[in-house]
file data-v9.tsv (TSV, C-alpha atoms and all ligand atoms)
chain	number	residue	atom	x	y	z
B	1	MET	CA	49.78	24.24	49.92
B	2	SER	CA	49.34	24.83	46.23
B	3	ILE	CA	48.44	28.26	44.84
B	4	ARG	CA	44.84	28.20	43.56
B	5	VAL	CA	44.46	30.00	40.22
B	6	SER	CA	41.45	31.09	38.19
B	7	LEU	CA	42.51	31.63	34.57
B	8	ALA	CA	40.48	33.89	32.27
B	9	GLY	CA	41.25	33.14	28.63
B	10	ALA	CA	42.37	29.57	29.38
B	11	THR	CA	41.40	28.31	25.92
B	12	GLY	CA	43.26	31.06	24.04
B	13	TRP	CA	46.69	31.09	22.41
B	14	ALA	CA	48.50	32.40	25.51
B	15	GLY	CA	46.12	31.06	28.18
B	16	SER	CA	46.14	27.46	26.95
B	17	ALA	CA	49.97	27.31	27.03
B	18	LEU	CA	49.85	28.62	30.60
B	19	ALA	CA	47.09	26.16	31.61
B	20	ILE	CA	49.11	23.21	30.34
B	21	ALA	CA	52.23	24.43	32.17
B	22	ILE	CA	50.20	24.79	35.38
B	23	SER	CA	48.94	21.21	35.01
B	24	LYS	CA	52.58	20.07	35.11
B	25	SER	CA	53.57	22.18	38.11
B	26	SER	CA	53.52	20.81	41.64
B	27	ASP	CA	52.79	24.06	43.49
B	28	ILE	CA	50.02	25.68	41.38
B	29	SER	CA	46.54	24.30	40.67
B	30	LEU	CA	43.80	25.59	38.36
B	31	VAL	CA	40.44	25.82	40.14
B	32	SER	CA	38.41	27.53	37.40
B	33	ALA	CA	38.72	28.94	33.90
B	34	VAL	CA	36.89	31.50	31.74
B	35	SER	CA	35.93	31.11	28.08
B	36	ARG	CA	32.52	31.90	26.58
B	37	SER	CA	32.61	29.36	23.76
B	38	HIS	CA	33.70	26.46	26.01
B	39	ALA	CA	31.59	27.26	29.09
B	40	GLN	CA	30.22	24.23	31.00
B	41	ARG	CA	33.03	22.01	29.69
B	42	ASN	CA	36.13	20.68	31.41
B	43	LEU	CA	39.36	22.48	30.44
B	44	GLY	CA	41.29	19.19	30.33
B	45	ASP	CA	38.90	17.86	27.65
B	46	VAL	CA	39.05	21.08	25.63
B	47	LEU	CA	42.86	21.22	25.66
B	48	GLY	CA	43.37	17.46	25.41
B	49	GLU	CA	45.34	17.49	28.66
B	50	PRO	CA	44.27	14.66	31.00
B	51	LEU	CA	46.18	16.18	33.93
B	52	LEU	CA	43.78	19.16	33.93
B	53	ASN	CA	40.47	18.87	35.75
B	54	CYS	CA	39.02	22.36	35.81
B	55	PRO	CA	35.51	23.72	35.10
B	56	ILE	CA	35.07	26.47	32.50
B	57	TYR	CA	32.64	29.39	32.98
B	58	ALA	CA	31.45	32.07	30.60
B	59	THR	CA	32.24	34.93	33.00
B	60	ALA	CA	34.84	35.81	35.61
B	61	GLN	CA	32.05	36.43	38.10
B	62	ASP	CA	30.95	32.77	37.81
B	63	ALA	CA	34.50	31.39	37.77
B	64	LEU	CA	35.26	33.31	40.96
B	65	SER	CA	32.56	31.36	42.81
B	66	HIS	CA	35.48	28.95	43.32
B	67	PRO	CA	37.80	30.56	45.90
B	68	CYS	CA	41.23	31.29	44.44
B	69	ASP	CA	44.46	32.96	45.52
B	70	VAL	CA	45.34	34.43	42.12
B	71	PHE	CA	43.14	35.48	39.19
B	72	PHE	CA	45.05	35.48	35.90
B	73	GLU	CA	43.69	37.72	33.13
B	74	PHE	CA	44.55	36.64	29.55
B	75	THR	CA	41.42	37.64	27.53
B	76	LYS	CA	40.71	40.86	25.63
B	77	PRO	CA	40.92	44.53	26.62
B	78	ASP	CA	37.15	45.12	26.42
B	79	VAL	CA	36.48	42.77	29.33
B	80	ALA	CA	39.84	42.77	31.16
B	81	LYS	CA	39.30	45.75	33.45
B	82	SER	CA	35.95	44.52	34.70
B	83	ASN	CA	37.41	41.02	35.26
B	84	VAL	CA	40.25	42.49	37.31
B	85	LEU	CA	37.91	44.62	39.44
B	86	THR	CA	35.63	41.61	40.03
B	87	ALA	CA	38.58	39.45	41.08
B	88	LEU	CA	39.76	42.11	43.56
B	89	GLN	CA	36.24	42.26	45.03
B	90	HIS	CA	36.49	38.48	45.54
B	91	GLY	CA	39.72	38.89	47.50
B	92	ALA	CA	42.12	37.51	44.89
B	93	HIS	CA	45.49	38.85	43.85
B	94	VAL	CA	45.59	39.49	40.10
B	95	VAL	CA	48.10	39.03	37.30
B	96	VAL	CA	47.24	40.90	34.07
B	97	GLY	CA	48.71	39.66	30.80
B	98	THR	CA	46.01	41.15	28.55
B	99	SER	CA	47.16	44.10	26.46
B	100	GLY	CA	45.24	47.22	25.55
B	101	LEU	CA	44.26	48.54	28.98
B	102	THR	CA	44.52	52.32	29.10
B	103	GLU	CA	46.22	54.55	31.67
B	104	ALA	CA	42.71	55.44	32.94
B	105	ASP	CA	41.94	51.72	33.34
B	106	TYR	CA	45.12	51.28	35.33
B	107	ALA	CA	44.33	54.27	37.55
B	108	GLU	CA	40.98	52.66	38.43
B	109	ILE	CA	42.64	49.27	39.00
B	110	ALA	CA	45.32	50.87	41.21
B	111	ALA	CA	42.67	52.48	43.41
B	112	ALA	CA	40.72	49.21	43.71
B	113	SER	CA	43.83	47.19	44.57
B	114	GLU	CA	44.73	49.65	47.34
B	115	LYS	CA	41.16	49.60	48.64
B	116	HIS	CA	41.14	45.79	48.84
B	117	GLN	CA	44.81	45.62	49.94
B	118	LYS	CA	45.57	43.11	47.19
B	119	ALA	CA	48.21	43.09	44.46
B	120	VAL	CA	47.74	43.58	40.75
B	121	LEU	CA	50.84	42.74	38.73
B	122	ALA	CA	50.35	43.89	35.12
B	123	VAL	CA	52.95	42.65	32.68
B	124	GLY	CA	52.99	43.95	29.12
B	125	ASN	CA	55.35	41.16	28.07
B	126	PHE	CA	56.34	38.12	30.14
B	127	ALA	CA	59.30	37.20	27.90
B	128	LEU	CA	62.66	37.56	29.66
B	129	THR	CA	64.31	39.16	26.63
B	130	MET	CA	61.68	41.95	26.59
B	131	VAL	CA	61.98	42.46	30.33
B	132	LEU	CA	65.71	43.01	29.77
B	133	LEU	CA	65.05	45.44	26.89
B	134	GLN	CA	62.84	47.51	29.23
B	135	LYS	CA	65.60	47.64	31.80
B	136	PHE	CA	68.31	48.57	29.27
B	137	ALA	CA	66.05	51.25	27.73
B	138	GLU	CA	65.51	52.83	31.15
B	139	MET	CA	69.29	52.96	31.61
B	140	ALA	CA	69.75	54.56	28.19
B	141	ALA	CA	66.99	57.14	28.80
B	142	ARG	CA	68.90	58.45	31.81
B	143	TYR	CA	71.73	59.53	29.47
B	144	ILE	CA	70.03	60.10	26.11
B	145	PRO	CA	67.14	62.59	26.06
B	146	GLN	CA	65.65	61.77	22.64
B	147	TRP	CA	64.02	58.51	21.54
B	148	GLU	CA	61.07	57.15	19.55
B	149	ILE	CA	59.33	53.78	19.85
B	150	MET	CA	58.19	51.51	17.01
B	151	ASP	CA	55.47	48.89	17.55
B	152	TYR	CA	55.15	46.11	14.93
B	153	ALA	CA	52.37	43.50	14.91
B	154	SER	CA	50.25	41.50	12.50
B	155	ASP	CA	47.36	43.10	10.60
B	156	GLN	CA	44.99	41.02	12.78
B	157	LYS	CA	45.95	42.78	16.02
B	158	ARG	CA	43.19	45.21	16.96
B	159	ASP	CA	44.75	47.03	19.90
B	160	ALA	CA	47.42	49.61	19.29
B	161	PRO	CA	49.98	50.12	20.51
B	162	SER	CA	50.75	46.68	21.96
B	163	GLY	CA	50.76	46.11	25.71
B	164	THR	CA	54.52	45.68	25.40
B	165	VAL	CA	54.96	49.16	23.96
B	166	ARG	CA	52.43	50.77	26.30
B	167	GLU	CA	54.40	49.43	29.23
B	168	LEU	CA	57.72	50.56	27.75
B	169	ALA	CA	56.43	54.14	27.26
B	170	TYR	CA	54.93	54.14	30.76
B	171	ARG	CA	58.19	53.06	32.32
B	172	LEU	CA	60.31	55.56	30.40
B	173	SER	CA	57.97	58.34	31.53
B	174	ALA	CA	59.25	57.69	35.05
B	175	VAL	CA	62.79	58.41	33.84
B	176	ARG	CA	62.04	61.58	31.83
B	177	PRO	CA	59.93	62.76	28.87
B	178	SER	CA	61.59	62.23	25.51
B	179	GLU	CA	62.60	65.59	24.04
B	180	LEU	CA	61.53	66.84	20.61
B	181	THR	CA	63.73	69.27	18.70
B	182	VAL	CA	60.75	70.51	16.66
B	183	PRO	CA	57.54	70.64	18.78
B	184	LEU	CA	54.73	68.58	17.25
B	185	GLU	CA	52.50	71.60	16.74
B	186	GLN	CA	55.20	73.18	14.60
B	187	THR	CA	55.31	70.19	12.24
B	188	GLN	CA	54.99	71.29	8.65
B	189	GLY	CA	52.91	68.86	6.59
B	190	VAL	CA	50.91	66.01	8.17
B	191	ALA	CA	51.52	66.07	11.93
B	192	GLU	CA	50.06	62.54	12.40
B	193	THR	CA	53.05	61.07	10.59
B	194	ARG	CA	55.12	61.97	13.65
B	195	GLY	CA	53.23	59.27	15.58
B	196	ALA	CA	51.27	59.52	18.81
B	197	ARG	CA	52.48	61.10	22.04
B	198	MET	CA	52.02	58.45	24.75
B	199	ASN	CA	53.40	58.87	28.24
B	200	SER	CA	55.82	61.46	26.86
B	201	SER	CA	57.25	59.20	24.14
B	202	GLN	CA	56.59	59.26	20.38
B	203	VAL	CA	55.02	55.91	19.43
B	204	HIS	CA	54.48	54.54	15.91
B	205	SER	CA	52.35	51.41	15.37
B	206	ILE	CA	52.64	49.30	12.23
B	207	ARG	CA	50.07	46.55	11.52
B	208	LEU	CA	50.94	44.35	8.54
B	209	PRO	CA	50.66	40.68	7.55
B	210	SER	CA	53.76	38.59	8.34
B	211	TYR	CA	54.66	40.46	11.52
B	212	THR	CA	54.22	38.68	14.88
B	213	LEU	CA	55.13	41.19	17.59
B	214	SER	CA	58.18	43.40	17.77
B	215	ALA	CA	59.11	46.46	19.76
B	216	GLU	CA	61.95	48.77	18.81
B	217	ILE	CA	63.30	51.82	20.56
B	218	ILE	CA	65.68	54.20	18.83
B	219	PHE	CA	67.75	56.63	20.90
B	220	GLY	CA	69.31	59.45	18.91
B	221	MET	CA	72.16	61.83	19.72
B	222	PRO	CA	74.17	64.02	17.38
B	223	ASP	CA	76.10	61.71	15.06
B	224	GLN	CA	75.26	58.53	16.97
B	225	LYS	CA	72.24	56.37	17.63
B	226	LEU	CA	71.35	53.28	19.60
B	227	THR	CA	68.63	50.82	18.50
B	228	MET	CA	67.19	48.08	20.73
B	229	ARG	CA	64.68	45.66	19.30
B	230	HIS	CA	62.72	42.73	20.63
B	231	ASP	CA	61.14	40.16	18.29
B	232	SER	CA	58.62	37.60	19.52
B	233	GLY	CA	58.42	34.23	17.82
B	234	SER	CA	55.20	32.49	16.89
B	235	SER	CA	54.77	30.25	19.98
B	236	ALA	CA	53.46	31.30	23.39
B	237	GLU	CA	56.29	29.45	25.18
B	238	PRO	CA	58.40	32.55	26.01
B	239	TYR	CA	55.51	33.91	28.11
B	240	VAL	CA	54.96	30.79	30.21
B	241	ASP	CA	57.90	30.94	32.64
B	242	GLY	CA	57.29	34.63	33.39
B	243	SER	CA	53.59	33.97	33.94
B	244	LEU	CA	54.31	31.13	36.39
B	245	LEU	CA	56.77	33.35	38.25
B	246	ALA	CA	54.15	36.13	38.46
B	247	ILE	CA	51.62	33.68	39.94
B	248	ARG	CA	54.16	32.54	42.53
B	249	LYS	CA	55.28	36.03	43.57
B	250	VAL	CA	52.25	38.32	43.18
B	251	ASN	CA	51.24	37.82	46.81
B	252	THR	CA	54.47	39.52	47.93
B	253	LEU	CA	53.10	42.85	46.60
B	254	VAL	CA	50.21	45.22	47.43
B	255	GLY	CA	48.67	47.69	44.98
B	256	LEU	CA	49.31	48.00	41.24
B	257	HIS	CA	52.75	47.12	39.89
B	258	ARG	CA	53.71	47.13	36.22
B	259	GLY	CA	56.45	44.97	34.72
B	260	LEU	CA	57.86	41.55	35.52
B	261	ASP	CA	61.04	43.08	36.90
B	262	LYS	CA	59.02	44.09	39.98
B	263	ILE	CA	59.44	40.48	41.11
B	264	LEU	CA	62.86	39.81	39.54
B	265	ASP	CA	66.23	40.62	41.02
B	266	LEU	CA	67.67	42.49	38.02
B	301	LIG	N1	51.71	39.99	28.47
B	301	LIG	C1	52.17	39.10	27.60
B	301	LIG	O1	53.35	38.71	27.62
B	301	LIG	C2	51.23	38.58	26.55
B	301	LIG	C3	51.57	37.46	25.80
B	301	LIG	C4	50.64	36.95	24.89
B	301	LIG	C5	49.40	37.57	24.74
B	301	LIG	N2	49.11	38.68	25.48
B	301	LIG	C6	47.81	39.32	25.43
B	301	LIG	O2	46.89	38.42	26.05
B	301	LIG	C7	45.60	38.58	25.48
B	301	LIG	C8	45.11	37.23	24.95
B	301	LIG	O3	45.88	36.89	23.82
B	301	LIG	P1	45.65	35.54	23.00
B	301	LIG	O4	46.51	35.64	21.82
B	301	LIG	O5	45.80	34.37	23.89
B	301	LIG	O6	44.10	35.70	22.56
B	301	LIG	P2	43.11	34.57	22.06
B	301	LIG	O7	43.84	33.40	21.50
B	301	LIG	O8	42.10	35.25	21.20
B	301	LIG	O9	42.39	34.06	23.39
B	301	LIG	C9	41.51	34.88	24.12
B	301	LIG	C10	40.92	34.06	25.26
B	301	LIG	O10	40.06	34.91	26.03
B	301	LIG	C11	38.71	34.42	25.98
B	301	LIG	N3	37.83	35.59	25.87
B	301	LIG	C12	37.88	36.56	24.92
B	301	LIG	N4	36.92	37.48	25.13
B	301	LIG	C13	36.27	37.07	26.24
B	301	LIG	C14	35.17	37.60	26.97
B	301	LIG	N5	34.54	38.72	26.59
B	301	LIG	N6	34.75	36.96	28.08
B	301	LIG	C15	35.37	35.81	28.46
B	301	LIG	N7	36.42	35.26	27.81
B	301	LIG	C16	36.85	35.88	26.71
B	301	LIG	C17	38.66	33.52	24.75
B	301	LIG	O11	37.66	32.52	24.86
B	301	LIG	P3	36.18	32.74	24.22
B	301	LIG	O12	36.34	33.46	22.92
B	301	LIG	O13	35.65	31.35	24.13
B	301	LIG	O14	35.44	33.59	25.23
B	301	LIG	C18	40.05	32.89	24.80
B	301	LIG	O15	40.10	31.85	25.76
B	301	LIG	C19	45.74	39.65	24.40
B	301	LIG	O16	45.41	40.90	24.94
B	301	LIG	C20	47.23	39.58	24.05
B	301	LIG	O17	47.72	40.78	23.51
B	301	LIG	C21	50.00	39.18	26.37
call {"tool": "encode", "arguments": {"input": "data-v9.tsv", "output": "structure tokens"}}
result
Amino acid sequence: MSIRVSLAGATGWAGSALAIAISKSSDISLVSAVSRSHAQRNLGDVLGEPLLNCPIYATAQDALSHPCDVFFEFTKPDVAKSNVLTALQHGAHVVVGTSGLTEADYAEIAAASEKHQKAVLAVGNFALTMVLLQKFAEMAARYIPQWEIMDYASDQKRDAPSGTVRELAYRLSAVRPSELTVPLEQTQGVAETRGARMNSSQVHSIRLPSYTLSAEIIFGMPDQKLTMRHDSGSSAEPYVDGSLLAIRKVNTLVGLHRGLDKILDL
């Protein structure tokens, strides 16, 4: 029995790479897709992929009129939460790739997933190398109490920090809060230059032309420091394998889970 997927954002940069990969898989099938500008068309025609035969709808509500096992969210943060809640109401498990959802959004999503006894797997970055960075950073945070996080992306990226960095800060908060030698309120000068306090980490977002997406975490101790950095390339390929794995494994969970390692044996 193949896993039936509804894919929101199927015509986008990340969603179209995933849709094409699904068309080549033997155990996953696309039953519906969401894109406003291509509504009423067939996804196979839009993407030039003859193996895909999947109707496109303007809203998740309409796409979910086709029963599915997994709803995959790859759109924009302004519509992502409501798509996820709608999918849970329709009895689907959900994978969230969209960045920019807030901690308050996730609290609401967690409550809804428990209520419907379905899983929501939210993954700030599906690339294996970033999943490993998260894991190594958690190990380092157990021994090193001070760190700061840098978030680099192109000038076109509207949400800040990236979903990758949000998830990193969230996960480190479960280890411990990062310590500050000088409390922020005692900063002399312009306190904003010290970055934003997010989930007990200092986070600094840079948005400039020529960047794609990078995340860097710097751990500092007296007379020594450790820097870990992840750089994404320009194609969506690194996200595809992780996304397929999430679709295959999300039904093994219940409630909200954050990070691909929740379904990996790391
Ligand atoms: N977790 C990860 O590893 C990962 C990897 C890559 C990207 N992302 C995140 O995934 C999201 C999508 O990125 P992208 O680069 O693929 O964006 P994109 O190229 O702009 O594609 C967005 C897709 O969502 C659809 N969409 C946008 N707003 C919509 C709305 N209000 N209602 C219905 N459909 C809507 C678009 O179609 P229409 O405009 O036709 O509606 C399009 O298909 C972003 O948040 C990005 O940061 C995460």
call {"tool": "closest_residue", "arguments": {"input": "data-v9.tsv", "among": "B:Asn42, B:Gln188, B:Ser99, B:Ser113", "to": "Ala10 in chain B", "atoms": "all atoms listed in the file"}}
result
B:Asn42
call {"tool": "residues_near_ligand", "arguments": {"input": "data-v9.tsv", "ligand": "ligand LIG 301 (chain B)", "cutoff": "7 Å", "atoms": "all atoms listed in the file", "output": "PyMOL selection string"}}
result
chain B and resi 8-15+34-38+58-59+74-79+97-100+123-127+162-163+236+239
call {"tool": "closest_residue", "arguments": {"input": "data-v9.tsv", "among": "B:Tyr211, B:Cys68, B:Ile3, B:Val254", "to": "Glu114 in chain B", "atoms": "all atoms listed in the file"}}
result
B:Val254
call {"tool": "residues_around", "arguments": {"input": "data-v9.tsv", "residues": "Val240 in chain B", "least_positions_apart": "3", "cutoff": "10 Å", "atoms": "only C-alpha atoms", "output": "PyMOL selection string"}}
result
chain B and resi 14-22+126-127+236-237+243-246
call {"tool": "closest_residue", "arguments": {"input": "data-v9.tsv", "among": "B:Val94, B:Val5, B:Val120, B:Met150", "to": "Ala215 in chain B", "atoms": "only C-alpha atoms"}}
result
B:Met150
call {"tool": "closest_residue", "arguments": {"input": "data-v9.tsv", "among": "B:Ser82, B:Ser210, B:Ser2, B:Ser26", "to": "Tyr152 in chain B", "atoms": "all atoms listed in the file"}}
result
B:Ser210
call {"tool": "residues_around", "arguments": {"input": "data-v9.tsv", "residues": "Leu213 in chain B", "least_positions_apart": "4", "cutoff": "8 Å", "atoms": "all atoms listed in the file", "output": "list in words"}}
result
Asp151, Tyr152, Ala153, Ser154, Asp231, Ser232 and Gly233 of chain B
call {"tool": "closest_residue", "arguments": {"input": "data-v9.tsv", "among": "B:Ile28, B:Leu64, B:Val182, B:Leu168", "to": "Thr86 in chain B", "atoms": "all atoms listed in the file"}}
result
B:Leu64
call {"tool": "decode", "arguments": {"input": "data-v9.tsv", "residues": "range 225-249 of chain B", "atoms": "N, CA, C and O atoms", "output": "short mmCIF file (atom, residue, chain, number, x, y, z; two decimals), in the first residue's frame"}}
result
data_model
loop_
_atom_site.label_atom_id
_atom_site.label_comp_id
_atom_site.auth_asym_id
_atom_site.auth_seq_id
_atom_site.Cartn_x
_atom_site.Cartn_y
_atom_site.Cartn_z
N LYS B 225 38.00 28.16 21.52
CA LYS B 225 36.65 28.21 21.00
C LYS B 225 36.44 27.14 19.93
O LYS B 225 37.39 26.65 19.32
N LEU B 226 35.18 26.81 19.76
CA LEU B 226 34.79 25.77 18.80
C LEU B 226 33.72 26.36 17.89
O LEU B 226 32.71 26.87 18.38
N THR B 227 33.95 26.30 16.56
CA THR B 227 32.97 26.82 15.60
C THR B 227 32.45 25.67 14.74
O THR B 227 33.25 24.89 14.21
N MET B 228 31.13 25.57 14.63
CA MET B 228 30.52 24.59 13.71
C MET B 228 29.66 25.37 12.75
O MET B 228 28.89 26.24 13.17
N ARG B 229 29.77 25.04 11.47
CA ARG B 229 29.04 25.81 10.47
C ARG B 229 28.47 24.88 9.41
O ARG B 229 29.13 23.91 8.99
N HIS B 230 27.25 25.16 9.02
CA HIS B 230 26.61 24.42 7.94
C HIS B 230 26.29 25.37 6.81
O HIS B 230 25.70 26.44 7.04
N ASP B 231 26.69 25.02 5.57
CA ASP B 231 26.39 25.84 4.40
C ASP B 231 25.53 25.04 3.44
O ASP B 231 25.92 23.94 3.03
N SER B 232 24.38 25.60 3.06
CA SER B 232 23.53 24.96 2.06
C SER B 232 23.97 25.41 0.69
O SER B 232 24.33 26.58 0.50
N GLY B 233 23.90 24.52 -0.28
CA GLY B 233 24.16 24.88 -1.67
C GLY B 233 22.92 25.48 -2.30
O GLY B 233 21.94 25.80 -1.61
N SER B 234 22.94 25.64 -3.63
CA SER B 234 21.82 26.34 -4.26
C SER B 234 20.70 25.42 -4.73
O SER B 234 19.64 25.89 -5.09
N SER B 235 20.90 24.08 -4.72
CA SER B 235 19.82 23.20 -5.17
C SER B 235 19.03 22.69 -3.96
O SER B 235 19.51 22.70 -2.83
N ALA B 236 17.82 22.19 -4.25
CA ALA B 236 16.97 21.67 -3.17
C ALA B 236 17.24 20.19 -2.92
O ALA B 236 16.61 19.59 -2.04
N GLU B 237 18.18 19.60 -3.65
CA GLU B 237 18.42 18.15 -3.56
C GLU B 237 18.73 17.67 -2.13
O GLU B 237 18.26 16.62 -1.73
N PRO B 238 19.54 18.42 -1.34
CA PRO B 238 19.88 17.88 -0.01
C PRO B 238 18.66 17.68 0.89
O PRO B 238 18.74 16.94 1.86
N TYR B 239 17.54 18.33 0.56
CA TYR B 239 16.37 18.23 1.43
C TYR B 239 15.46 17.06 1.05
O TYR B 239 14.57 16.69 1.80
N VAL B 240 15.70 16.50 -0.16
CA VAL B 240 14.73 15.52 -0.68
C VAL B 240 14.77 14.21 0.11
O VAL B 240 13.72 13.72 0.54
N ASP B 241 15.95 13.65 0.33
CA ASP B 241 16.01 12.34 1.01
C ASP B 241 15.41 12.42 2.41
O ASP B 241 14.69 11.53 2.84
N GLY B 242 15.74 13.50 3.13
CA GLY B 242 15.20 13.67 4.49
C GLY B 242 13.68 13.82 4.46
O GLY B 242 12.97 13.31 5.34
N SER B 243 13.17 14.52 3.44
CA SER B 243 11.72 14.70 3.34
C SER B 243 11.02 13.38 3.07
O SER B 243 9.98 13.07 3.66
N LEU B 244 11.61 12.56 2.19
CA LEU B 244 11.01 11.24 1.89
C LEU B 244 11.02 10.37 3.15
O LEU B 244 10.04 9.68 3.46
N LEU B 245 12.13 10.43 3.88
CA LEU B 245 12.22 9.63 5.11
C LEU B 245 11.14 10.08 6.11
O LEU B 245 10.49 9.26 6.75
N ALA B 246 10.95 11.40 6.22
CA ALA B 246 9.94 11.93 7.15
C ALA B 246 8.55 11.42 6.76
O ALA B 246 7.75 11.04 7.62
N ILE B 247 8.25 11.41 5.46
CA ILE B 247 6.94 10.91 5.00
C ILE B 247 6.78 9.43 5.38
O ILE B 247 5.72 9.00 5.83
N ARG B 248 7.86 8.68 5.23
CA ARG B 248 7.77 7.23 5.50
C ARG B 248 7.64 6.93 6.98
O ARG B 248 7.05 5.92 7.36
N LYS B 249 8.19 7.79 7.84
CA LYS B 249 8.27 7.44 9.27
C LYS B 249 7.33 8.24 10.17
O LYS B 249 7.21 7.93 11.35
#
